[in-house]
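Pasted below: data-v9.txt, compact mmCIF, C-alpha atoms.
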# COMPACT_ATOMS: atom_id res chain seq x y z
CA GLY S 1 24.52 128.46 123.38
CA ASP S 2 22.37 126.37 125.68
CA ASN S 3 23.85 127.58 128.97
CA ILE S 4 21.75 128.61 131.98
CA GLY S 5 22.46 129.92 135.47
CA GLU S 6 25.61 131.92 134.72
CA TRP S 7 24.54 134.91 136.81
CA GLY S 8 21.64 136.08 138.94
CA GLY S 9 18.97 138.05 137.07
CA LEU S 10 17.02 141.30 137.41
CA VAL S 11 14.72 142.29 140.28
CA VAL S 12 12.33 145.25 139.94
CA LEU S 13 10.32 146.28 142.99
CA GLY S 14 7.57 148.79 143.69
CA GLN S 15 4.77 149.78 146.04
CA ALA S 16 1.74 148.58 144.10
CA PRO S 17 -0.84 146.33 145.81
CA ILE S 18 -0.24 142.65 146.58
CA ASN S 19 -2.42 140.07 148.30
CA ARG S 20 0.12 138.04 150.29
CA CYS S 21 1.40 139.92 153.33
CA VAL S 22 4.24 139.11 155.72
CA ALA S 23 2.35 140.71 158.61
CA GLY S 24 -0.44 138.39 159.60
CA ASP S 25 -2.75 141.26 160.60
CA ALA S 26 -2.30 143.20 157.32
CA ALA S 27 -5.14 143.30 154.82
CA PRO S 28 -4.35 142.58 151.14
CA PHE S 29 -3.99 145.62 148.89
CA THR S 30 -3.26 148.01 151.74
CA VAL S 31 -0.12 149.97 152.52
CA GLN S 32 0.60 147.54 155.38
CA CYS S 33 0.66 144.55 153.03
CA GLU S 34 4.31 143.98 152.11
CA ASN S 35 6.45 140.95 151.36
CA ALA S 36 10.08 140.01 150.72
CA ILE S 37 11.04 139.17 147.13
CA GLU S 38 12.53 135.78 146.31
CA GLY S 39 16.19 135.59 145.41
CA VAL S 40 17.41 138.45 147.62
CA GLN S 41 18.58 138.19 151.23
CA ASN S 42 20.79 139.79 153.88
CA PRO S 43 18.97 142.16 153.89
CA ASN S 44 15.61 141.23 152.41
CA ALA S 45 14.18 143.40 149.64
CA ILE S 46 10.62 144.51 150.42
CA TYR S 47 7.80 145.23 147.98
CA GLY S 48 4.08 146.00 148.06
CA GLY S 49 1.81 148.82 149.19
CA ALA S 50 -1.33 150.58 148.01
CA GLU S 51 -0.19 152.63 144.97
CA ALA S 52 -1.61 150.86 141.91
CA GLY S 53 -0.09 153.50 139.63
CA ASP S 54 3.36 153.32 141.24
CA ASN S 55 6.27 154.00 138.87
CA SER S 56 9.39 151.86 139.12
CA GLY S 57 10.94 153.48 136.05
CA VAL S 58 11.53 152.30 132.47
CA LEU S 59 12.74 148.90 131.25
CA ARG S 60 12.86 148.99 127.46
CA TYR S 61 14.93 147.10 124.86
CA VAL S 62 16.42 144.70 127.40
CA GLN S 63 17.71 141.14 127.01
CA VAL S 64 18.41 138.90 130.02
CA ARG S 65 20.31 135.79 128.92
CA PHE S 66 21.78 132.73 130.66
CA ALA S 67 20.78 133.91 134.15
CA GLY S 68 19.02 132.42 137.18
CA ASN S 69 20.41 131.16 140.48
CA GLU S 70 19.12 129.52 143.65
CA LEU S 71 20.33 130.99 146.92
CA PRO S 72 21.70 128.53 149.50
CA PRO S 73 20.82 126.16 150.97
CA ALA S 74 20.19 123.94 147.95
CA GLY S 75 16.54 123.07 147.54
CA SER S 76 15.35 126.19 149.35
CA GLY S 77 13.32 127.37 146.36
CA ASN S 78 14.68 130.88 146.96
CA GLU S 79 15.46 131.51 143.31
CA LEU S 80 16.20 134.35 140.94
CA ASN S 81 14.09 134.49 137.82
CA GLY S 82 15.21 136.13 134.60
CA ILE S 83 13.23 139.16 135.77
CA SER S 84 11.25 139.28 139.02
CA PHE S 85 8.62 142.02 139.32
CA GLY S 86 7.49 142.58 142.91
CA GLY S 87 4.63 145.02 143.51
CA VAL S 88 5.43 146.92 140.32
CA GLY S 89 2.78 149.49 139.42
CA SER S 90 1.07 150.50 136.19
CA GLY S 91 3.12 153.68 135.99
CA THR S 92 6.17 151.59 135.07
CA THR S 93 7.15 151.24 131.39
CA LEU S 94 8.01 147.65 130.40
CA GLU S 95 8.50 147.16 126.65
CA TYR S 96 10.62 145.14 124.21
CA ILE S 97 11.96 142.61 126.70
CA GLN S 98 13.48 139.17 126.13
CA VAL S 99 14.52 136.53 128.66
CA HIS S 100 16.50 133.65 127.17
CA ASN S 101 17.75 130.44 128.81
CA ASN S 102 17.07 131.34 132.42
CA ALA S 103 17.61 128.65 135.05
CA ASP S 104 14.27 129.40 136.73
CA ASP S 105 11.20 131.26 135.40
CA GLY S 106 11.50 133.67 132.52
CA ILE S 107 9.49 136.35 134.32
CA GLU S 108 7.54 136.20 137.56
CA MET S 109 4.93 138.75 138.59
CA PHE S 110 4.58 139.01 142.38
CA GLY S 111 1.42 141.10 142.61
CA GLY S 112 1.33 144.68 141.39
CA SER S 113 -0.45 146.12 138.37
CA ALA S 114 2.31 146.37 135.76
CA ASP S 115 1.62 146.02 132.05
CA ILE S 116 4.17 144.51 129.66
CA LYS S 117 4.28 144.93 125.88
CA TYR S 118 6.45 143.16 123.30
CA LEU S 119 7.71 140.23 125.37
CA VAL S 120 9.84 137.32 124.10
CA LEU S 121 10.62 134.34 126.34
CA THR S 122 12.75 131.49 124.98
CA GLY S 123 14.40 128.40 126.40
CA ASN S 124 13.69 129.02 130.09
CA ASP S 125 14.14 126.08 132.45
CA ASP S 126 11.04 126.49 134.62
CA ASP S 127 7.82 128.39 133.83
CA SER S 128 8.05 131.00 131.11
CA ILE S 129 5.45 133.28 132.76
CA ASP S 130 4.73 132.79 136.46
CA THR S 131 2.17 134.93 138.29
CA ASP S 132 1.57 135.17 142.04
CA ASN S 133 0.33 137.36 144.87
CA GLY S 134 -2.56 139.15 143.17
CA TRP S 135 -1.11 140.52 139.92
CA ASN S 136 -3.66 142.79 138.19
CA GLY S 137 -1.95 143.76 134.92
CA SER S 138 -1.53 142.61 131.33
CA ILE S 139 0.88 141.22 128.76
CA GLN S 140 0.30 142.21 125.14
CA TYR S 141 2.28 141.05 122.09
CA ALA S 142 4.18 138.03 123.40
CA VAL S 143 6.06 135.11 121.86
CA VAL S 144 7.01 132.22 124.14
CA THR S 145 8.95 129.08 123.21
CA GLN S 146 9.50 126.29 125.72
CA ARG S 147 12.92 124.81 126.36
CA GLU S 148 13.54 121.70 124.28
CA ASN S 149 15.00 119.51 127.03
CA GLY S 150 13.66 121.18 130.13
CA GLY S 151 11.21 123.77 131.30
CA ASP S 152 7.80 123.57 132.89
CA ASN S 153 4.54 125.38 132.12
CA ILE S 154 4.41 128.23 129.64
CA ASN S 155 2.09 130.10 132.02
CA GLU S 156 1.66 129.11 135.67
CA ALA S 157 -1.06 131.24 137.25
CA SER S 158 -1.28 131.44 141.04
CA SER S 159 -2.58 134.04 143.43
CA ALA S 160 -3.01 133.50 147.15
CA GLY S 161 -1.45 130.20 148.14
CA ALA S 162 -3.92 127.75 149.62
CA ASP S 163 -6.65 130.37 150.08
CA GLN S 164 -9.09 129.36 147.35
CA ASP S 165 -11.68 131.81 148.68
CA ALA S 166 -9.46 134.88 148.66
CA SER S 167 -11.51 137.95 147.74
CA VAL S 168 -8.52 139.77 146.24
CA ARG S 169 -7.09 137.61 143.48
CA SER S 170 -4.81 137.69 140.49
CA ASP S 171 -6.86 139.04 137.58
CA TYR S 172 -4.84 139.75 134.46
CA VAL S 173 -5.08 139.53 130.66
CA LEU S 174 -2.74 137.96 128.08
CA SER S 175 -3.41 139.16 124.53
CA ASN S 176 -1.93 138.95 121.03
CA PHE S 177 0.35 136.03 121.90
CA THR S 178 1.90 132.95 120.37
CA PHE S 179 2.89 130.10 122.68
CA VAL S 180 5.08 127.37 121.18
CA GLY S 181 4.78 124.33 123.42
CA ASN S 182 6.80 121.15 123.77
CA GLU S 183 4.01 118.61 123.67
CA ASP S 184 6.49 115.71 123.31
CA HIS S 185 8.34 116.53 126.55
CA PRO S 186 8.56 113.45 128.84
CA ALA S 187 7.53 115.45 131.94
CA PRO S 188 3.72 115.80 132.06
CA ARG S 189 3.80 119.27 133.65
CA ALA S 190 5.99 120.57 130.84
CA ARG S 191 3.11 119.72 128.51
CA GLU S 192 0.69 121.86 130.56
CA LEU S 193 0.96 125.05 128.57
CA PRO S 194 -1.29 127.16 130.81
CA ARG S 195 -1.59 125.91 134.41
CA HIS S 196 -4.10 127.76 136.56
CA ARG S 197 -3.59 126.85 140.18
CA ASP S 198 -5.30 128.82 142.95
CA ALA S 199 -7.48 131.87 143.41
CA CYS S 200 -6.94 133.48 140.03
CA GLY S 201 -9.05 134.44 137.03
CA PRO S 202 -6.71 135.24 134.14
CA GLY S 203 -8.05 136.16 130.75
CA ALA S 204 -6.70 135.48 127.28
CA GLU S 205 -7.53 137.23 124.02
CA ASP S 206 -6.41 136.64 120.43
CA GLY S 207 -3.70 134.06 120.96
CA HIS S 208 -2.31 130.95 119.30
CA VAL S 209 -0.85 127.85 120.96
CA VAL S 210 1.21 125.64 118.68
CA GLY S 211 3.47 122.62 119.00
CA PRO S 212 6.92 122.04 117.58
CA GLY S 213 6.92 122.55 113.84
CA GLY S 214 3.94 124.89 114.05
CA ARG S 215 1.13 122.35 114.51
CA ALA S 216 -1.85 124.23 115.90
CA LEU S 217 -2.92 123.13 119.37
CA ALA S 218 -5.38 125.89 120.17
CA ARG S 219 -6.57 129.31 119.11
CA VAL S 220 -7.81 131.61 121.83
CA MET S 221 -10.15 134.38 120.71
CA ASP S 222 -11.59 135.60 124.01
CA HIS S 223 -11.53 133.54 127.18
CA ARG S 224 -11.63 134.30 130.87
CA GLY S 225 -11.58 132.11 133.92
CA PRO S 226 -14.51 132.06 136.36
CA PRO S 227 -15.73 135.56 137.23
CA ARG S 228 -13.57 137.13 139.91
CA PRO S 229 -13.84 140.48 141.68
CA ARG S 230 -11.10 142.67 140.23
CA ALA S 231 -9.02 143.97 143.09
CA ALA S 232 -8.96 147.68 143.76
CA PRO S 233 -6.52 149.61 145.91
CA VAL S 234 -7.66 150.28 149.45
CA ASP S 235 -6.71 153.54 151.11
CA ALA S 236 -5.06 152.89 154.44

Before anything else, please render the file you have as structure tokens.
Amino acid sequence: GDNIGEWGGLVVLGQAPINRCVAGDAAPFTVQCENAIEGVQNPNAIYGGAEAGDNSGVLRYVQVRFAGNELPPAGSGNELNGISFGGVGSGTTLEYIQVHNNADDGIEMFGGSADIKYLVLTGNDDDSIDTDNGWNGSIQYAVVTQRENGGDNINEASSAGADQDASVRSDYVLSNFTFVGNEDHPAPRARELPRHRDACGPGAEDGHVVGPGGRALARVMDHRGPPRPRAAPVDA
């Protein structure tokens, strides 16, 4: 079916580094740098820290379908993605995952250093892959198809809000991917397959971007954004 928003979604949290801190005096990528994940409240769910190799467990052979909800009040933007990863470390196993027809993003990476393999994202009603808060990880072997009558960017890359000069940025790699875009969508942003916003330097290797019916739009062999210092954990 074409339904969305029938339940909440999954939230996975950890203590890997992030670059957007609730405490104004906390330095990015330190144990004091924590934040509250979107889509959870009363009480808030906290993520972040200084353990790049943090292990949040195993998520393997999982489908999340017809999920996604916005918490009240309406228009707050406090939304549940298909799967939200907050400060999840590289010790976590994330493999063979699909998110289908989510009311918000398919997956969103809020910092951390997690790596994902074998990812399928189909029919999601906002961005398929959204990245924020200094994610330093990778996605390998991915197929993404935009929603026919909705959706936004296939990949929206952000890092540190309005701080264009942030020294600790999102720096991740997408590889071995096929993105199927909706180039005929009436909304201009839905035709922006990758959208790189602020303070990030994502890389892409060995990927194909095609339109409906398989018409080739781009082939990516090896591309990176402007050189960025790759963030490293700071002992606190």

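Residues in contact range of S:Cys21, defined as at most 10 Å between all atoms listed in the file, with sequence neighbours fewer than 4 positions away removed, read Asp25, Ala26, Ala27, Pro28, Phe29, Thr30, Gln32, Cys33, Glu34, Asn35, Ala36, Tyr47, Gly48, Gly49, Asn133 and Ala160 of chain S.
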
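Between S:Asn136 and the residues S:Asp104, S:Glu148, S:Asp115, S:Glu6, the shortest atom-to-atom distance, using all atoms listed in the file, involves S:Asp115.
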
My list of candidates is S:Arg60, S:Gly106, S:Gly112, S:Asp125. Which is closest to S:Ile4 when distances are computed with all atoms listed in the file?
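Nearest to S:Ile4: S:Asp125.
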
Pick from S:Ser76, S:Asn44, S:Ser128, S:Asn55: nearest to S:Met109, with only C-alpha atoms counted?
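Ranking S:Ser76, S:Asn44, S:Ser128, S:Asn55 by distance to S:Met109, first place goes to S:Ser128.
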
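The shortest atom-to-atom distance to S:Glu95, with only C-alpha atoms taken into account, belongs to S:Ile139 out of S:Ala45, S:Val209, S:Ile139, S:Gly134.
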
Per residue of stretch 66-121 of chain S within 12 Å of stretch 165-182 of chain S, record the nearest atom pair and its distance in Å to one decimal, counting only C-alpha atoms, with rows in chain order and ascending residue number, as JSON lines.
{"residue": "S:Met109", "atom": "CA", "partner": "S:Ser170", "partner_atom": "CA", "distance": 10.0}
{"residue": "S:Phe110", "atom": "CA", "partner": "S:Ser170", "partner_atom": "CA", "distance": 9.7}
{"residue": "S:Gly111", "atom": "CA", "partner": "S:Ser170", "partner_atom": "CA", "distance": 7.4}
{"residue": "S:Gly112", "atom": "CA", "partner": "S:Ser170", "partner_atom": "CA", "distance": 9.3}
{"residue": "S:Ser113", "atom": "CA", "partner": "S:Tyr172", "partner_atom": "CA", "distance": 8.7}
{"residue": "S:Ala114", "atom": "CA", "partner": "S:Tyr172", "partner_atom": "CA", "distance": 9.8}
{"residue": "S:Asp115", "atom": "CA", "partner": "S:Tyr172", "partner_atom": "CA", "distance": 9.3}
{"residue": "S:Ile116", "atom": "CA", "partner": "S:Leu174", "partner_atom": "CA", "distance": 9.7}
{"residue": "S:Lys117", "atom": "CA", "partner": "S:Ser175", "partner_atom": "CA", "distance": 9.7}
{"residue": "S:Tyr118", "atom": "CA", "partner": "S:Phe177", "partner_atom": "CA", "distance": 9.5}
{"residue": "S:Leu119", "atom": "CA", "partner": "S:Phe177", "partner_atom": "CA", "distance": 9.2}
{"residue": "S:Val120", "atom": "CA", "partner": "S:Thr178", "partner_atom": "CA", "distance": 9.8}
{"residue": "S:Leu121", "atom": "CA", "partner": "S:Phe179", "partner_atom": "CA", "distance": 9.5}
